[in-house]
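Student: This one is start.txt, compact mmCIF, C-alpha atoms.
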# COMPACT_ATOMS: atom_id res chain seq x y z
CA MET A 25 0.00 0.00 0.00
CA GLU A 26 2.87 2.35 0.72
CA SER A 27 4.34 1.70 -2.71
CA ALA A 28 0.94 2.45 -4.26
CA ILE A 29 0.90 5.84 -2.55
CA LYS A 30 4.45 6.40 -3.71
CA THR A 31 3.43 5.67 -7.30
CA VAL A 32 0.53 8.11 -7.09
CA VAL A 33 2.88 10.83 -5.83
CA THR A 34 5.83 10.16 -8.14
CA THR A 35 3.57 9.89 -11.21
CA PHE A 36 2.42 13.42 -10.57
CA LEU A 37 5.89 14.74 -9.74
CA SER A 38 7.49 13.24 -12.84
CA SER A 39 4.76 14.76 -15.02
CA THR A 40 5.26 18.26 -13.65
CA ARG A 41 8.95 18.26 -14.61
CA GLY A 42 10.08 20.16 -11.56
CA LYS A 43 7.25 22.64 -11.44
CA GLU A 44 4.68 22.78 -8.72
CA ASN A 45 1.58 22.33 -10.88
CA LEU A 46 0.69 20.41 -14.00
CA ASP A 47 0.02 22.60 -17.02
CA GLY A 48 -2.43 21.66 -19.76
CA GLY A 49 0.09 19.71 -21.83
CA GLY A 50 1.45 17.79 -18.87
CA PHE A 51 -2.04 16.80 -17.79
CA GLN A 52 -2.90 15.59 -21.29
CA LYS A 53 0.19 13.40 -21.29
CA LEU A 54 -0.47 12.01 -17.84
CA VAL A 55 -4.06 11.09 -18.64
CA LYS A 56 -3.20 9.55 -22.00
CA LYS A 57 -0.28 7.59 -20.68
CA GLN A 58 -1.52 6.49 -17.27
CA LEU A 59 -5.30 6.38 -17.41
CA GLY A 60 -6.02 5.06 -20.90
CA GLY A 61 -7.23 1.74 -19.55
CA LEU A 62 -9.59 3.25 -17.01
CA MET A 63 -11.23 6.05 -18.89
CA GLN A 64 -12.69 6.42 -22.29
CA ASP A 65 -12.04 9.44 -24.47
CA THR A 66 -8.37 9.67 -23.45
CA ASN A 67 -7.51 10.12 -27.12
CA CYS A 68 -9.72 13.14 -27.33
CA SER A 69 -7.82 16.29 -26.33
CA SER A 70 -10.95 18.37 -25.87
CA ALA A 71 -12.44 15.82 -23.47
CA ILE A 72 -9.29 15.91 -21.36
CA LYS A 73 -9.33 19.67 -21.44
CA GLU A 74 -12.89 19.68 -20.22
CA MET A 75 -11.97 17.33 -17.40
CA GLN A 76 -9.06 19.57 -16.48
CA GLN A 77 -11.38 22.54 -16.22
CA GLY A 78 -13.66 20.49 -14.03
CA LEU A 79 -10.77 19.67 -11.68
CA ASP A 80 -9.38 23.18 -11.59
CA ALA A 81 -10.98 24.26 -8.34
CA ASN A 82 -9.04 27.53 -8.06
CA ASN A 83 -9.35 28.35 -11.79
CA ASP A 84 -5.66 29.01 -12.39
CA GLY A 85 -5.59 26.95 -15.59
CA LYS A 86 -3.28 24.37 -14.03
CA VAL A 87 -3.79 21.16 -12.12
CA SER A 88 -2.29 21.25 -8.63
CA PHE A 89 -1.41 18.17 -6.63
CA GLN A 90 -4.62 18.54 -4.62
CA GLU A 91 -6.70 18.79 -7.76
CA TYR A 92 -4.96 15.73 -9.18
CA LEU A 93 -5.78 13.80 -6.01
CA THR A 94 -9.42 14.72 -6.45
CA LEU A 95 -9.34 12.91 -9.77
CA ILE A 96 -7.54 9.89 -8.29
CA GLY A 97 -9.99 9.73 -5.40
CA TYR A 98 -12.95 9.96 -7.71
CA LEU A 99 -11.61 7.28 -10.05
CA ALA A 100 -10.72 4.98 -7.18
CA SER A 101 -14.20 5.33 -5.65
CA SER A 102 -16.00 4.52 -8.87
CA LEU A 103 -13.62 1.66 -9.56
CA SER A 104 -14.19 0.30 -6.08
CA GLN A 105 -17.95 0.48 -6.53
CA SER A 106 -17.88 -1.35 -9.83
CA LYS A 107 -15.61 -4.00 -8.32
CA SER A 108 -17.66 -4.72 -5.26
CA GLY A 109 -20.66 -4.91 -7.58
CA SER A 110 -23.85 -6.15 -6.02
CA THR A 111 -22.49 -6.15 -2.47
CA ALA A 112 -22.24 -2.36 -2.56
CA GLU A 113 -25.14 -0.54 -1.01
CA ALA A 114 -27.21 1.33 -3.51
CA PRO A 115 -27.19 5.06 -2.93
CA MET Y 21 -1.70 -3.50 -20.10
CA PRO Y 22 -2.58 -1.29 -17.12
CA SER Y 23 -0.24 1.59 -16.34
CA GLU Y 24 1.63 2.07 -13.07
CA LEU Y 25 -0.93 4.56 -11.86
CA GLU Y 26 -3.80 2.20 -12.63
CA ASN Y 27 -2.03 -0.62 -10.81
CA ALA Y 28 -1.49 1.65 -7.83
CA MET Y 29 -5.18 2.49 -7.67
CA GLU Y 30 -6.12 -1.14 -7.99
CA SER Y 31 -3.88 -2.14 -5.12
CA LEU Y 32 -5.35 0.59 -2.91
CA ILE Y 33 -8.81 -0.78 -3.64
CA LYS Y 34 -7.69 -4.34 -3.00
CA VAL Y 35 -6.09 -3.41 0.31
CA PHE Y 36 -9.25 -1.67 1.45
CA HIS Y 37 -11.55 -4.54 0.56
CA HIS Y 38 -9.17 -7.13 1.97
CA TYR Y 39 -9.41 -5.55 5.43
CA ALA Y 40 -12.99 -4.36 5.09
CA SER Y 41 -14.29 -7.87 4.46
CA LYS Y 42 -12.71 -9.35 7.59
CA GLU Y 43 -15.55 -8.84 10.03
CA GLY Y 44 -18.83 -7.05 10.48
CA ARG Y 45 -20.13 -5.10 7.56
CA SER Y 46 -18.09 -5.82 4.48
CA GLY Y 47 -17.37 -2.74 2.44
CA THR Y 48 -16.49 -0.65 5.48
CA LEU Y 49 -13.63 -0.69 7.97
CA SER Y 50 -14.40 -1.05 11.65
CA ARG Y 51 -12.03 0.41 14.19
CA ARG Y 52 -10.25 -2.91 14.58
CA GLU Y 53 -9.96 -3.40 10.82
CA LEU Y 54 -8.55 0.10 10.41
CA ARG Y 55 -5.99 -0.63 13.10
CA GLU Y 56 -4.95 -3.86 11.37
CA LEU Y 57 -4.67 -2.07 8.05
CA MET Y 58 -2.49 0.63 9.55
CA GLU Y 59 -0.31 -1.86 11.39
CA ASN Y 60 0.26 -4.07 8.37
CA GLU Y 61 0.23 -1.66 5.47
CA LEU Y 62 1.46 1.64 6.80
CA SER Y 63 4.09 0.68 9.34
CA ASN Y 64 6.76 2.81 7.65
CA PHE Y 65 4.61 5.86 7.11
CA LEU Y 66 2.97 6.07 10.48
CA ILE Y 67 5.33 5.46 13.35
CA SER Y 68 2.65 6.29 15.85
CA GLN Y 69 0.37 3.52 14.58
CA LYS Y 70 0.99 1.46 17.73
CA ASP Y 71 -0.50 4.22 19.83
CA PRO Y 72 -4.17 3.32 20.34
CA ALA Y 73 -5.10 6.96 20.84
CA ALA Y 74 -3.70 7.78 17.41
CA VAL Y 75 -5.90 5.14 15.77
CA ASP Y 76 -8.91 6.56 17.57
CA LYS Y 77 -8.08 10.05 16.42
CA ILE Y 78 -7.54 9.02 12.81
CA MET Y 79 -10.74 7.01 12.89
CA LYS Y 80 -12.66 9.99 14.20
CA ASP Y 81 -11.14 12.31 11.60
CA LEU Y 82 -11.92 9.93 8.76
CA ASP Y 83 -15.44 9.04 9.77
CA THR Y 84 -17.13 12.10 8.33
CA ASN Y 85 -20.65 10.70 8.43
CA GLY Y 86 -20.22 9.53 12.03
CA ASP Y 87 -21.41 5.95 11.63
CA GLY Y 88 -18.37 4.48 13.41
CA GLN Y 89 -17.14 2.85 10.20
CA VAL Y 90 -14.73 3.98 7.51
CA ASP Y 91 -16.15 3.53 4.01
CA PHE Y 92 -14.08 3.65 0.86
CA GLU Y 93 -14.58 7.33 0.26
CA GLU Y 94 -13.50 8.10 3.80
CA PHE Y 95 -10.50 5.82 3.30
CA VAL Y 96 -9.58 7.81 0.20
CA SER Y 97 -9.15 10.90 2.38
CA LEU Y 98 -6.54 9.00 4.39
CA VAL Y 99 -4.72 8.17 1.16
CA VAL Y 100 -4.98 11.80 0.05
CA GLY Y 101 -3.64 13.04 3.38
CA LEU Y 102 -0.72 10.63 3.25
CA SER Y 103 -0.01 11.52 -0.38
CA ILE Y 104 0.14 15.21 0.44
CA ALA Y 105 2.52 14.54 3.29
CA CYS Y 106 4.66 12.37 1.00
CA GLU Y 107 4.64 14.90 -1.79
CA LYS Y 108 6.11 17.56 0.47
CA CYS Y 109 8.69 15.08 1.63
CA TYR Y 110 9.64 14.04 -1.93
CA GLN Y 111 9.89 17.62 -3.07
CA THR Y 112 12.28 18.57 -0.30
CA HIS Y 113 14.20 15.41 -1.07
CA MET Y 114 14.45 16.27 -4.76
CA LYS Y 115 15.54 19.83 -4.01
CA MET Y 116 18.24 18.50 -1.71
CA GLN Y 117 19.51 16.24 -4.48
CA LYS Y 118 19.78 19.12 -6.91
CA LYS Y 119 21.95 21.16 -4.58
Re-express the file's structure as structure tokens.

Tutor:
Amino acid sequence: MESAIKTVVTTFLSSTRGKENLDGGGFQKLVKKQLGGLMQDTNCSSAIKEMQQGLDANNDGKVSFQEYLTLIGYLASSLSQSKSGSTAEAP
Amino acid sequence: MPSELENAMESLIKVFHHYASKEGRSGTLSRRELRELMENELSNFLISQKDPAAVDKIMKDLDTNGDGQVDFEEFVSLVVGLSIACEKCYQTHMKMQKK
């Protein structure tokens, strides 16, 4: 579990190339490279851009580490729900 | 072929469900299950995990809906908190290496 957390952190850090936040291009790359198996539309730049705008809570045009974790948390929750299937309580 | 990041997410989910299914309601962590998870999975990150008061405090912080159980979404906030702590640590580490 610790190595999983490490991967989540280092994936973000290696995509930012030394900067604090992910810019549009870096986010596109990260999503295409790392999340292609989980999400549809990862080949569609405009869909990724839309998602980036959705994540950008402070509207600075970049994706901060916190905003990136929102995406990871959201994906993990939906993945977990689909995995546990019928045993999950219906909302 | 899943990417590293996808594998990482999958293992987080697996860890949660492995401990959550041990007793009581499956799909949520009881206090005891949370303690086991922290003892076995986070022994390097959380030195204070042997302190029962720390487990209680973390449990209380995580349990936002107050049902005495930690569901997956509440567990995600633990992961997020740890990630933020790690990120700061890695960044200082990387800056040190550059110097």

Student: Can you tell me, as a ChimeraX atom specification, what residues are no more than 9 Å from stretch 89-100 of chain A when counting all atoms listed in the file, ignoring any on the same chain fewer than 3 positions away?

Tutor: /A:32-33,36-37,44-46,62-63,79-81,103-105 /Y:29-30,32-33,92-93,96-97,99-100,103-104,107

Student: Select all residues from chain Y having any atom no more than 12 Å from an atom of chain A (counting all atoms listed in the file, ignoring ligands), output as a PyMOL selection string.

Tutor: chain Y and resi 21-38+40-41+45-48+57-66+91-112+114-115+118

Student: Could you tell me how far atom CA of Y:Asp76 lies from atom CA of Y:Arg55, in Å and to one decimal?

Tutor: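 According to the coordinates, atom CA of Y:Asp76 and atom CA of Y:Arg55 are separated by 9.0 Å.
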
Student: Rounded to one decimal in Å, what is the spacing between atom CA of A:Thr40 and atom CA of A:Val87?

Tutor: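 These atoms are spaced 9.6 Å apart.
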
Student: Between Y:Leu54, Y:Met116, Y:Tyr39, Y:Gln89, single out the one closest to Y:Ala74, counting all atoms listed in the file.

Tutor: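 Of Y:Leu54, Y:Met116, Y:Tyr39, Y:Gln89, the one nearest Y:Ala74 is Y:Leu54, counting all atoms listed in the file.
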
Student: As an exercise, work out the distance from atom CA of Y:Asn85 to atom CA of A:Ser88 in Å and give it to one decimal place.

Tutor: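 Separation between atom CA of Y:Asn85 and atom CA of A:Ser88: 27.2 Å.
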
Student: Hey, which of A:Ser69, A:Ser38, A:Gln52, A:Ser106 ends up closest to A:Lys86? Count all atoms listed in the file.

Tutor: A:Gln52

Student: From the set A:Asn82, A:Asp65, A:Phe51, A:Lys73, which residue has the shortest atom-to-atom contact distance to A:Ser39, counting all atoms listed in the file?

Tutor: A:Phe51
